[in-house]
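Heads up: the structure comes next, in structure tokens.
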Amino acid sequence: MSATQQIEPNIDHYLAEYARVERDLPGSDDSKRERSAELTRFSEAGFPSPREEDWKYTSLQPVEKRRFEISDEAEPVALDELRAFLPTDLDAHRIIVIDGHFNAALSSLDELPAGVTVRSFADYLSDNAGATVKAREIDEEPGSLTAMNAAFCTDGAYVETAANTVLDKPLHVISVASGVRDERMTQVRHRYVLGENSQATIIEHSVGLGSKAYFANQVTEAVVGRNAQLTRIRIQQESERGYHVSSFFAQQRRDSRVFNHGFDLGGRLARIDTNARLVDHNAEVHFNGVYAPTGRQHMDNHTKIDHATEHSVSREQYKGVLAGHARGVFNGKILIQKDAQKTDSDLSSDALLLSDNAEVDAKPELEIYADDVTAGHGSTVGQLDEDAVFYLKSRGVGEEGARAILTYSFANALVQKVGIEPIERYVEAAILAKLPGGRAYVDLA
């Protein structure tokens, strides 16, 4: 029996869907062959399952049982519908992708600095004969969903900074699922290429509108050159019927720096994979993340930092705030290879359970093959300190307000690391809106 004959019916659906849309996918004939190979990889592997160690606590059955389709075109969305997702006073360039398609009318890319290119990923693929869907410089972790994205990706953001240039203000990339039609999927792909001594700050914002079920599968690749700096701020606010999968791959050259901040607030189910490979001396990476599931939301963060050579630094800190019947997963891995002497690395995961029904599974890992390193990791799971609640109440703060103050204080340190005030205020408000008693905290502020 051939591999195709063994494929589950839902995979058969995606083979048929690819045949339907292949002609309209952007790129050269070579990239189409690349897409076809990735489709084969996806179809043979299928969707990940809890039988795999990396997916032990997360089931994609709600995604598997549906038959999602690519939107041939974006549904009409007015800028007013997106106002709630535009941080007040944020001065930024803007790219908006709706239902997997770049929207030029809503985007704002005027007056980019010399040496900085920002365009739609579809245009990049179509206008460059040698362009590939997957960045040649990056060895992506093998995964069926990254292969699915490579096969189906319709659009996204392409950013390139020449040597010695600075993107003068943040780029706000908003990926919108309109939620107008049921069982649609978006396959968005971003690529950032930072030249030597260049800098860029990019805000990736995933949002969901409407009430229909959808699947957002996103991949971001970053090639960070010598002494370059990338700050990436990821805000996930999918709608309550959204299923979100996001994968980030960064490859860092000598003296480069990557600061990655992730805030997961929305979606019925969210799985986020964040990866960095430090391939040259003195590279530095920081991963910070806050996840705040409530109700029956499920949020799963997996990270991997690969120290391949000596004298590199990594710092990783994740915090979860869980309420209702929410489920959280954190798996962070730091790999220090045998040539990565003098590595300095630290990883921590902390979770706060606001309900007896909330649950978190945390697994920080160190895998070390070098003998001259500094490396540490730790994990805590707990509840609010009732003595601290009592103390605040004794000072005239109400029960809800006291709990909200302590809860937000737990997460706030990571929000403040962003370093862009309008984004910090926006994320603060979004987190507080989800917290039990969050309104009371706002009233006290």
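Scheme for the structure tokens: letters A, B, ... for chains in order shown; per-chain residue numbers from 1; ligand numbers from 1 in order shown.
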Quick one: residues within 8 Å of A:Asp339, only C-alpha atoms counted, chain neighbours fewer than 6 positions away excluded, as a list in words?
Ala308, Thr309, Glu310 and Ala370 of chain A
Output file for the residues above (C-alpha atoms, as a PDB file, in the first residue's frame):
ATOM      1  CA  ALA A 308      26.351  25.804  18.939  1.00  0.00           C
ATOM      2  CA  THR A 309      29.558  27.756  19.642  1.00  0.00           C
ATOM      3  CA  GLU A 310      31.373  29.322  22.580  1.00  0.00           C
ATOM      4  CA  ALA A 370      30.329  21.136  27.190  1.00  0.00           C
TER       5      ALA A 370
END
Which residues, written as an mmCIF file with C-alpha atoms, in the first residue's frame, have at least one atom at most 6 Å from stretch 60-75 of chain A, with only C-alpha atoms counted and residues fewer than 4 positions away on the same chain left out?
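Output contents, as saved in around12.cif:
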data_model
loop_
_atom_site.group_PDB
_atom_site.id
_atom_site.type_symbol
_atom_site.label_atom_id
_atom_site.label_comp_id
_atom_site.auth_asym_id
_atom_site.auth_seq_id
_atom_site.Cartn_x
_atom_site.Cartn_y
_atom_site.Cartn_z
ATOM 1 C CA ILE A 98 -6.418 39.588 6.298
ATOM 2 C CA ASP A 99 -7.423 35.953 5.881
ATOM 3 C CA GLU A 183 -13.606 26.440 8.786
ATOM 4 C CA ARG A 184 -11.147 28.725 7.033
ATOM 5 C CA MET A 185 -7.389 28.533 7.585
#
Contacts of A:Ser239 within 8 Å, only C-alpha atoms, excl. fewer than 5 positions in-chain, as JSON, numbers by chain
{"A": [207, 208, 209, 210, 211, 266, 267, 268]}
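All residues of stretch 18-54 of chain A that DSSP, run on the backbone, classes as alpha helix (DSSP H) are Tyr18, Ala19, Arg20, Val21, Asp29, Asp30, Ser31, Lys32, Arg33, Glu34, Arg35, Ser36, Ala37, Glu38, Leu39, Thr40, Arg41, Phe42, Ser43, Glu44 and Ala45 of chain A.
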Test item: residues at most 9 Å from A:Glu399, only C-alpha atoms, excluding those fewer than 5 positions along its chain, as an NGL selection string
:A and (389-390 or 392-393 or 404 or 437)
Written file, previous selection with C-alpha atoms, as a compact mmCIF listing (two decimals), in the first residue's frame:
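Output below, filename part_20.txt:
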# COMPACT_ATOMS: atom_id res chain seq x y z
CA VAL A 389 -4.19 39.34 50.12
CA PHE A 390 -5.07 39.89 53.78
CA LEU A 392 -3.86 44.58 51.15
CA LYS A 393 -7.40 44.16 52.46
CA ALA A 404 -5.90 41.53 40.87
CA GLY A 437 -11.02 41.33 39.39
Would you kindly return, as an MDAnalysis selection string, each protein, DNA or RNA residue with an atom no farther than 8 Å from any atom of A:Arg119, considering only C-alpha atoms and excluding same-chain residues fewer than 4 positions away?
chainID A and resid 123:124 157:159
Contacts of A:Thr161 within 6 Å, only C-alpha atoms, excl. fewer than 4 positions in-chain, as JSON, numbers by chain
{"A": [115, 116, 194, 195]}
Atomic distance atom CA of A:His101 - atom CA of A:Leu125, expressed in Å with one decimal:
13.7 Å
Between A:Lys319, A:Tyr426, A:Asp273, A:Pro436, which is the closest to A:Thr88 once you count only C-alpha atoms?
A:Tyr426
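Coordinates place atom CA of A:Ser312 at a distance of 22.9 Å from atom CA of A:Ser379.
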Would you pick out the contacts of A:Tyr369 at 6 Å or less, using only C-alpha atoms, so that residues sharing its chain but fewer than 5 positions from it are not included, and give the list as a PDB file with C-alpha atoms, in the first residue's frame?
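Result file result34.pdb:
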ATOM      1  CA  ILE A 336      24.661  23.449  24.930  1.00  0.00           C
ATOM      2  CA  GLN A 337      26.754  21.622  22.353  1.00  0.00           C
ATOM      3  CA  LYS A 338      30.295  20.347  22.930  1.00  0.00           C
TER       4      LYS A 338
END
